[in-house]
file run09.txt (compact mmCIF, N, CA and C atoms)
# COMPACT_ATOMS: atom_id res chain seq x y z
N MET R 1 -12.88 -1.59 -13.51
CA MET R 1 -12.42 -1.79 -12.16
C MET R 1 -11.82 -0.48 -11.65
N ALA R 2 -12.05 -0.17 -10.39
CA ALA R 2 -11.64 1.10 -9.80
C ALA R 2 -10.13 1.31 -9.85
N VAL R 3 -9.34 0.25 -9.65
CA VAL R 3 -7.88 0.44 -9.66
C VAL R 3 -7.40 0.92 -11.02
N ALA R 4 -8.03 0.45 -12.08
CA ALA R 4 -7.64 0.89 -13.42
C ALA R 4 -8.09 2.33 -13.66
N GLN R 5 -9.29 2.67 -13.20
CA GLN R 5 -9.79 4.04 -13.37
C GLN R 5 -8.95 5.05 -12.60
N GLU R 6 -8.42 4.65 -11.47
CA GLU R 6 -7.59 5.53 -10.64
C GLU R 6 -6.13 5.55 -11.07
N LEU R 7 -5.80 4.80 -12.12
CA LEU R 7 -4.44 4.71 -12.64
C LEU R 7 -3.45 4.19 -11.60
N VAL R 8 -3.89 3.23 -10.83
CA VAL R 8 -3.04 2.61 -9.82
C VAL R 8 -2.01 1.72 -10.51
N VAL R 9 -0.77 1.86 -10.09
CA VAL R 9 0.30 1.02 -10.61
C VAL R 9 0.90 0.19 -9.48
N HIS R 10 0.99 0.78 -8.31
CA HIS R 10 1.59 0.12 -7.15
C HIS R 10 0.63 0.16 -5.96
N LEU R 11 0.82 -0.77 -5.05
CA LEU R 11 0.02 -0.79 -3.83
C LEU R 11 0.20 0.50 -3.05
N SER R 12 1.40 1.04 -3.08
CA SER R 12 1.66 2.30 -2.39
C SER R 12 0.81 3.44 -2.95
N ASP R 13 0.44 3.39 -4.23
CA ASP R 13 -0.45 4.39 -4.81
C ASP R 13 -1.78 4.44 -4.05
N ILE R 14 -2.23 3.29 -3.64
CA ILE R 14 -3.52 3.21 -2.93
C ILE R 14 -3.36 3.62 -1.48
N VAL R 15 -2.48 2.95 -0.77
CA VAL R 15 -2.44 3.13 0.69
C VAL R 15 -1.75 4.41 1.13
N LEU R 16 -0.87 4.97 0.31
CA LEU R 16 -0.18 6.19 0.71
C LEU R 16 -0.74 7.44 0.06
N ARG R 17 -1.41 7.31 -1.08
CA ARG R 17 -1.88 8.49 -1.80
C ARG R 17 -3.40 8.60 -1.88
N ARG R 18 -4.09 7.50 -1.73
CA ARG R 18 -5.54 7.54 -1.89
C ARG R 18 -6.29 7.09 -0.64
N SER R 19 -5.58 7.07 0.46
CA SER R 19 -6.15 6.65 1.73
C SER R 19 -5.44 7.38 2.85
N THR R 20 -6.13 7.61 3.94
CA THR R 20 -5.50 8.27 5.09
C THR R 20 -5.03 7.27 6.14
N ARG R 21 -5.24 5.98 5.91
CA ARG R 21 -4.89 4.97 6.92
C ARG R 21 -3.41 5.03 7.31
N ALA R 22 -2.53 5.11 6.37
CA ALA R 22 -1.09 5.14 6.67
C ALA R 22 -0.72 6.45 7.37
N ILE R 23 -1.26 7.55 6.90
CA ILE R 23 -0.96 8.85 7.49
C ILE R 23 -1.42 8.90 8.94
N GLU R 24 -2.57 8.31 9.21
CA GLU R 24 -3.13 8.30 10.56
C GLU R 24 -2.49 7.25 11.46
N GLY R 25 -1.59 6.45 10.90
CA GLY R 25 -0.96 5.39 11.68
C GLY R 25 -1.87 4.20 11.94
N LYS R 26 -2.88 4.05 11.12
CA LYS R 26 -3.86 2.97 11.31
C LYS R 26 -3.72 1.84 10.30
N LEU R 27 -2.70 1.90 9.49
CA LEU R 27 -2.48 0.85 8.48
C LEU R 27 -1.82 -0.35 9.14
N ARG R 28 -2.51 -1.46 9.14
CA ARG R 28 -2.01 -2.70 9.74
C ARG R 28 -1.80 -3.73 8.63
N MET R 29 -1.01 -4.75 8.92
CA MET R 29 -0.69 -5.77 7.92
C MET R 29 -1.95 -6.43 7.38
N GLU R 30 -2.91 -6.70 8.24
CA GLU R 30 -4.15 -7.34 7.79
C GLU R 30 -4.86 -6.49 6.73
N GLY R 31 -4.97 -5.20 7.00
CA GLY R 31 -5.60 -4.31 6.04
C GLY R 31 -4.79 -4.15 4.77
N LEU R 32 -3.49 -4.09 4.93
CA LEU R 32 -2.61 -3.97 3.77
C LEU R 32 -2.76 -5.18 2.85
N CYS R 33 -2.81 -6.36 3.45
CA CYS R 33 -2.98 -7.58 2.66
C CYS R 33 -4.34 -7.62 1.98
N GLU R 34 -5.36 -7.15 2.68
CA GLU R 34 -6.70 -7.13 2.10
C GLU R 34 -6.77 -6.18 0.90
N VAL R 35 -6.26 -4.97 1.08
CA VAL R 35 -6.24 -4.01 -0.02
C VAL R 35 -5.36 -4.52 -1.16
N GLY R 36 -4.23 -5.11 -0.79
CA GLY R 36 -3.33 -5.68 -1.80
C GLY R 36 -3.99 -6.78 -2.61
N GLY R 37 -4.76 -7.61 -1.94
CA GLY R 37 -5.47 -8.69 -2.64
C GLY R 37 -6.47 -8.15 -3.65
N ILE R 38 -7.16 -7.09 -3.26
CA ILE R 38 -8.13 -6.47 -4.17
C ILE R 38 -7.40 -5.85 -5.37
N ALA R 39 -6.32 -5.13 -5.08
CA ALA R 39 -5.54 -4.53 -6.17
C ALA R 39 -4.97 -5.59 -7.09
N ALA R 40 -4.44 -6.67 -6.50
CA ALA R 40 -3.85 -7.75 -7.30
C ALA R 40 -4.87 -8.36 -8.24
N ALA R 41 -6.08 -8.57 -7.73
CA ALA R 41 -7.13 -9.15 -8.58
C ALA R 41 -7.48 -8.21 -9.73
N GLY R 42 -7.56 -6.92 -9.44
CA GLY R 42 -7.92 -5.95 -10.46
C GLY R 42 -6.83 -5.67 -11.47
N LEU R 43 -5.59 -5.83 -11.05
CA LEU R 43 -4.47 -5.51 -11.92
C LEU R 43 -3.75 -6.74 -12.48
N GLY R 44 -4.20 -7.91 -12.09
CA GLY R 44 -3.62 -9.14 -12.62
C GLY R 44 -2.24 -9.46 -12.08
N TRP R 45 -1.96 -9.02 -10.84
CA TRP R 45 -0.67 -9.31 -10.24
C TRP R 45 -0.54 -10.76 -9.84
N THR R 46 0.67 -11.28 -9.93
CA THR R 46 0.97 -12.62 -9.42
C THR R 46 1.15 -12.54 -7.91
N GLU R 47 1.22 -13.68 -7.26
CA GLU R 47 1.49 -13.72 -5.82
C GLU R 47 2.85 -13.08 -5.51
N GLN R 48 3.81 -13.30 -6.38
CA GLN R 48 5.14 -12.72 -6.19
C GLN R 48 5.10 -11.20 -6.28
N ARG R 49 4.36 -10.69 -7.23
CA ARG R 49 4.22 -9.23 -7.38
C ARG R 49 3.52 -8.64 -6.16
N LEU R 50 2.46 -9.31 -5.70
CA LEU R 50 1.75 -8.82 -4.52
C LEU R 50 2.68 -8.79 -3.31
N ALA R 51 3.45 -9.84 -3.11
CA ALA R 51 4.38 -9.90 -1.98
C ALA R 51 5.41 -8.77 -2.08
N ALA R 52 5.90 -8.51 -3.28
CA ALA R 52 6.87 -7.43 -3.48
C ALA R 52 6.24 -6.07 -3.18
N GLU R 53 5.02 -5.87 -3.62
CA GLU R 53 4.31 -4.61 -3.36
C GLU R 53 4.09 -4.40 -1.86
N ILE R 54 3.72 -5.46 -1.16
CA ILE R 54 3.53 -5.38 0.29
C ILE R 54 4.86 -5.05 0.98
N ASP R 55 5.94 -5.66 0.52
CA ASP R 55 7.27 -5.38 1.08
C ASP R 55 7.65 -3.91 0.91
N VAL R 56 7.36 -3.36 -0.26
CA VAL R 56 7.69 -1.96 -0.52
C VAL R 56 6.91 -1.05 0.43
N VAL R 57 5.61 -1.30 0.57
CA VAL R 57 4.79 -0.45 1.44
C VAL R 57 5.25 -0.58 2.89
N THR R 58 5.58 -1.78 3.32
CA THR R 58 6.05 -2.00 4.68
C THR R 58 7.35 -1.24 4.92
N SER R 59 8.25 -1.27 3.96
CA SER R 59 9.52 -0.53 4.08
C SER R 59 9.29 0.97 4.11
N LEU R 60 8.41 1.45 3.25
CA LEU R 60 8.10 2.87 3.23
C LEU R 60 7.47 3.32 4.53
N LYS R 61 6.57 2.50 5.04
CA LYS R 61 5.90 2.82 6.31
C LYS R 61 6.93 2.91 7.44
N THR R 62 7.88 2.00 7.47
CA THR R 62 8.93 2.03 8.49
C THR R 62 9.79 3.27 8.34
N SER R 63 10.16 3.60 7.12
CA SER R 63 10.97 4.79 6.87
C SER R 63 10.23 6.06 7.27
N MET R 64 8.94 6.12 6.97
CA MET R 64 8.15 7.29 7.33
C MET R 64 8.05 7.42 8.85
N ALA R 65 7.87 6.32 9.53
CA ALA R 65 7.77 6.35 10.99
C ALA R 65 9.08 6.85 11.60
N ARG R 66 10.20 6.40 11.06
CA ARG R 66 11.51 6.84 11.56
C ARG R 66 11.71 8.34 11.34
N ALA R 67 11.27 8.82 10.19
CA ALA R 67 11.42 10.25 9.87
C ALA R 67 10.59 11.09 10.82
N TRP R 68 9.41 10.63 11.18
CA TRP R 68 8.55 11.38 12.10
C TRP R 68 9.13 11.40 13.51
N MET R 69 9.91 10.39 13.86
CA MET R 69 10.47 10.29 15.20
C MET R 69 11.63 11.26 15.40
N LYS R 70 12.22 11.74 14.32
CA LYS R 70 13.40 12.63 14.42
C LYS R 70 12.98 14.02 14.82
call {"tool": "encode", "arguments": {"input": "run09.txt", "output": "structure tokens"}}
result
Amino acid sequence: MAVAQELVVHLSDIVLRRSTRAIEGKLRMEGLCEVGGIAAAGLGWTEQRLAAEIDVVTSLKTSMARAWMK
């Protein structure tokens, strides 16, 4: 599975380091959930782990947006 080959540990590894969607400001919740679902299936995450990973990315995205606004 690609997530294992890429040494993905967190959802943020995918959306912030291996994709330009977040950098371009095009990362939306729908896409985040879709990518998260794929990662969860490949990495054996529980629903709770997936929810926590999505929360982390959402928080990071908000923090990054605030930093850019300064």
call {"tool": "atom_distance", "arguments": {"input": "run09.txt", "atom1": "atom N of R:Ile14", "atom2": "atom N of R:Ser63"}}
result
16.4 Å
call {"tool": "select_by_dssp", "arguments": {"input": "run09.txt", "residues": "chain R", "states": "helix (DSSP H, G or I)", "output": "PyMOL selection string"}}
result
chain R and resi 2-5+11-17+29-43+47-69
call {"tool": "atom_distance", "arguments": {"input": "run09.txt", "atom1": "atom CA of R:Arg21", "atom2": "atom CA of R:Val9"}}
result
18.7 Å
call {"tool": "residues_around", "arguments": {"input": "run09.txt", "residues": "R:Leu32", "least_positions_apart": "3", "cutoff": "12 Å", "atoms": "only C-alpha atoms", "output": "PDB file with N, CA and C atoms, in the frame of the given file"}}
result
ATOM      1  N   LEU R  11       0.820  -0.770  -5.050  1.00  0.00           N
ATOM      2  CA  LEU R  11       0.020  -0.790  -3.830  1.00  0.00           C
ATOM      3  C   LEU R  11       0.200   0.500  -3.050  1.00  0.00           C
ATOM      4  N   SER R  12       1.400   1.040  -3.080  1.00  0.00           N
ATOM      5  CA  SER R  12       1.660   2.300  -2.390  1.00  0.00           C
ATOM      6  C   SER R  12       0.810   3.440  -2.950  1.00  0.00           C
ATOM      7  N   ILE R  14      -2.230   3.290  -3.640  1.00  0.00           N
ATOM      8  CA  ILE R  14      -3.520   3.210  -2.930  1.00  0.00           C
ATOM      9  C   ILE R  14      -3.360   3.620  -1.480  1.00  0.00           C
ATOM     10  N   VAL R  15      -2.480   2.950  -0.770  1.00  0.00           N
ATOM     11  CA  VAL R  15      -2.440   3.130   0.690  1.00  0.00           C
ATOM     12  C   VAL R  15      -1.750   4.410   1.130  1.00  0.00           C
ATOM     13  N   LEU R  16      -0.870   4.970   0.310  1.00  0.00           N
ATOM     14  CA  LEU R  16      -0.180   6.190   0.710  1.00  0.00           C
ATOM     15  C   LEU R  16      -0.740   7.440   0.060  1.00  0.00           C
ATOM     16  N   SER R  19      -5.580   7.070   0.460  1.00  0.00           N
ATOM     17  CA  SER R  19      -6.150   6.650   1.730  1.00  0.00           C
ATOM     18  C   SER R  19      -5.440   7.380   2.850  1.00  0.00           C
ATOM     19  N   ARG R  21      -5.240   5.980   5.910  1.00  0.00           N
ATOM     20  CA  ARG R  21      -4.890   4.970   6.920  1.00  0.00           C
ATOM     21  C   ARG R  21      -3.410   5.030   7.310  1.00  0.00           C
ATOM     22  N   ALA R  22      -2.530   5.110   6.370  1.00  0.00           N
ATOM     23  CA  ALA R  22      -1.090   5.140   6.670  1.00  0.00           C
ATOM     24  C   ALA R  22      -0.720   6.450   7.370  1.00  0.00           C
ATOM     25  N   LYS R  26      -2.880   4.050  11.120  1.00  0.00           N
ATOM     26  CA  LYS R  26      -3.860   2.970  11.310  1.00  0.00           C
ATOM     27  C   LYS R  26      -3.720   1.840  10.300  1.00  0.00           C
ATOM     28  N   LEU R  27      -2.700   1.900   9.490  1.00  0.00           N
ATOM     29  CA  LEU R  27      -2.480   0.850   8.480  1.00  0.00           C
ATOM     30  C   LEU R  27      -1.820  -0.350   9.140  1.00  0.00           C
ATOM     31  N   ARG R  28      -2.510  -1.460   9.140  1.00  0.00           N
ATOM     32  CA  ARG R  28      -2.010  -2.700   9.740  1.00  0.00           C
ATOM     33  C   ARG R  28      -1.800  -3.730   8.630  1.00  0.00           C
ATOM     34  N   MET R  29      -1.010  -4.750   8.920  1.00  0.00           N
ATOM     35  CA  MET R  29      -0.690  -5.770   7.920  1.00  0.00           C
ATOM     36  C   MET R  29      -1.950  -6.430   7.380  1.00  0.00           C
ATOM     37  N   VAL R  35      -6.260  -4.970   1.080  1.00  0.00           N
ATOM     38  CA  VAL R  35      -6.240  -4.010  -0.020  1.00  0.00           C
ATOM     39  C   VAL R  35      -5.360  -4.520  -1.160  1.00  0.00           C
ATOM     40  N   GLY R  36      -4.230  -5.110  -0.790  1.00  0.00           N
ATOM     41  CA  GLY R  36      -3.330  -5.680  -1.800  1.00  0.00           C
ATOM     42  C   GLY R  36      -3.990  -6.780  -2.610  1.00  0.00           C
ATOM     43  N   GLY R  37      -4.760  -7.610  -1.940  1.00  0.00           N
ATOM     44  CA  GLY R  37      -5.470  -8.690  -2.640  1.00  0.00           C
ATOM     45  C   GLY R  37      -6.470  -8.150  -3.650  1.00  0.00           C
ATOM     46  N   ILE R  38      -7.160  -7.090  -3.260  1.00  0.00           N
ATOM     47  CA  ILE R  38      -8.130  -6.470  -4.170  1.00  0.00           C
ATOM     48  C   ILE R  38      -7.400  -5.850  -5.370  1.00  0.00           C
ATOM     49  N   ALA R  39      -6.320  -5.130  -5.080  1.00  0.00           N
ATOM     50  CA  ALA R  39      -5.540  -4.530  -6.170  1.00  0.00           C
ATOM     51  C   ALA R  39      -4.970  -5.590  -7.090  1.00  0.00           C
ATOM     52  N   ALA R  40      -4.440  -6.670  -6.500  1.00  0.00           N
ATOM     53  CA  ALA R  40      -3.850  -7.750  -7.300  1.00  0.00           C
ATOM     54  C   ALA R  40      -4.870  -8.360  -8.240  1.00  0.00           C
ATOM     55  N   LEU R  50       2.460  -9.310  -5.700  1.00  0.00           N
ATOM     56  CA  LEU R  50       1.750  -8.820  -4.520  1.00  0.00           C
ATOM     57  C   LEU R  50       2.680  -8.790  -3.310  1.00  0.00           C
ATOM     58  N   ALA R  51       3.450  -9.840  -3.110  1.00  0.00           N
ATOM     59  CA  ALA R  51       4.380  -9.900  -1.980  1.00  0.00           C
ATOM     60  C   ALA R  51       5.410  -8.770  -2.080  1.00  0.00           C
ATOM     61  N   GLU R  53       5.020  -5.870  -3.620  1.00  0.00           N
ATOM     62  CA  GLU R  53       4.310  -4.610  -3.360  1.00  0.00           C
ATOM     63  C   GLU R  53       4.090  -4.400  -1.860  1.00  0.00           C
ATOM     64  N   ILE R  54       3.720  -5.460  -1.160  1.00  0.00           N
ATOM     65  CA  ILE R  54       3.530  -5.380   0.290  1.00  0.00           C
ATOM     66  C   ILE R  54       4.860  -5.050   0.980  1.00  0.00           C
ATOM     67  N   ASP R  55       5.940  -5.660   0.520  1.00  0.00           N
ATOM     68  CA  ASP R  55       7.270  -5.380   1.080  1.00  0.00           C
ATOM     69  C   ASP R  55       7.650  -3.910   0.910  1.00  0.00           C
ATOM     70  N   VAL R  56       7.360  -3.360  -0.260  1.00  0.00           N
ATOM     71  CA  VAL R  56       7.690  -1.960  -0.520  1.00  0.00           C
ATOM     72  C   VAL R  56       6.910  -1.050   0.430  1.00  0.00           C
ATOM     73  N   VAL R  57       5.610  -1.300   0.570  1.00  0.00           N
ATOM     74  CA  VAL R  57       4.790  -0.450   1.440  1.00  0.00           C
ATOM     75  C   VAL R  57       5.250  -0.580   2.890  1.00  0.00           C
ATOM     76  N   THR R  58       5.580  -1.780   3.320  1.00  0.00           N
ATOM     77  CA  THR R  58       6.050  -2.000   4.680  1.00  0.00           C
ATOM     78  C   THR R  58       7.350  -1.240   4.920  1.00  0.00           C
ATOM     79  N   LYS R  61       6.570   2.500   5.040  1.00  0.00           N
ATOM     80  CA  LYS R  61       5.900   2.820   6.310  1.00  0.00           C
ATOM     81  C   LYS R  61       6.930   2.910   7.440  1.00  0.00           C
TER      82      LYS R  61
END
call {"tool": "atom_distance", "arguments": {"input": "run09.txt", "atom1": "atom C of R:Ala52", "atom2": "atom N of R:Arg17"}}
result
15.6 Å
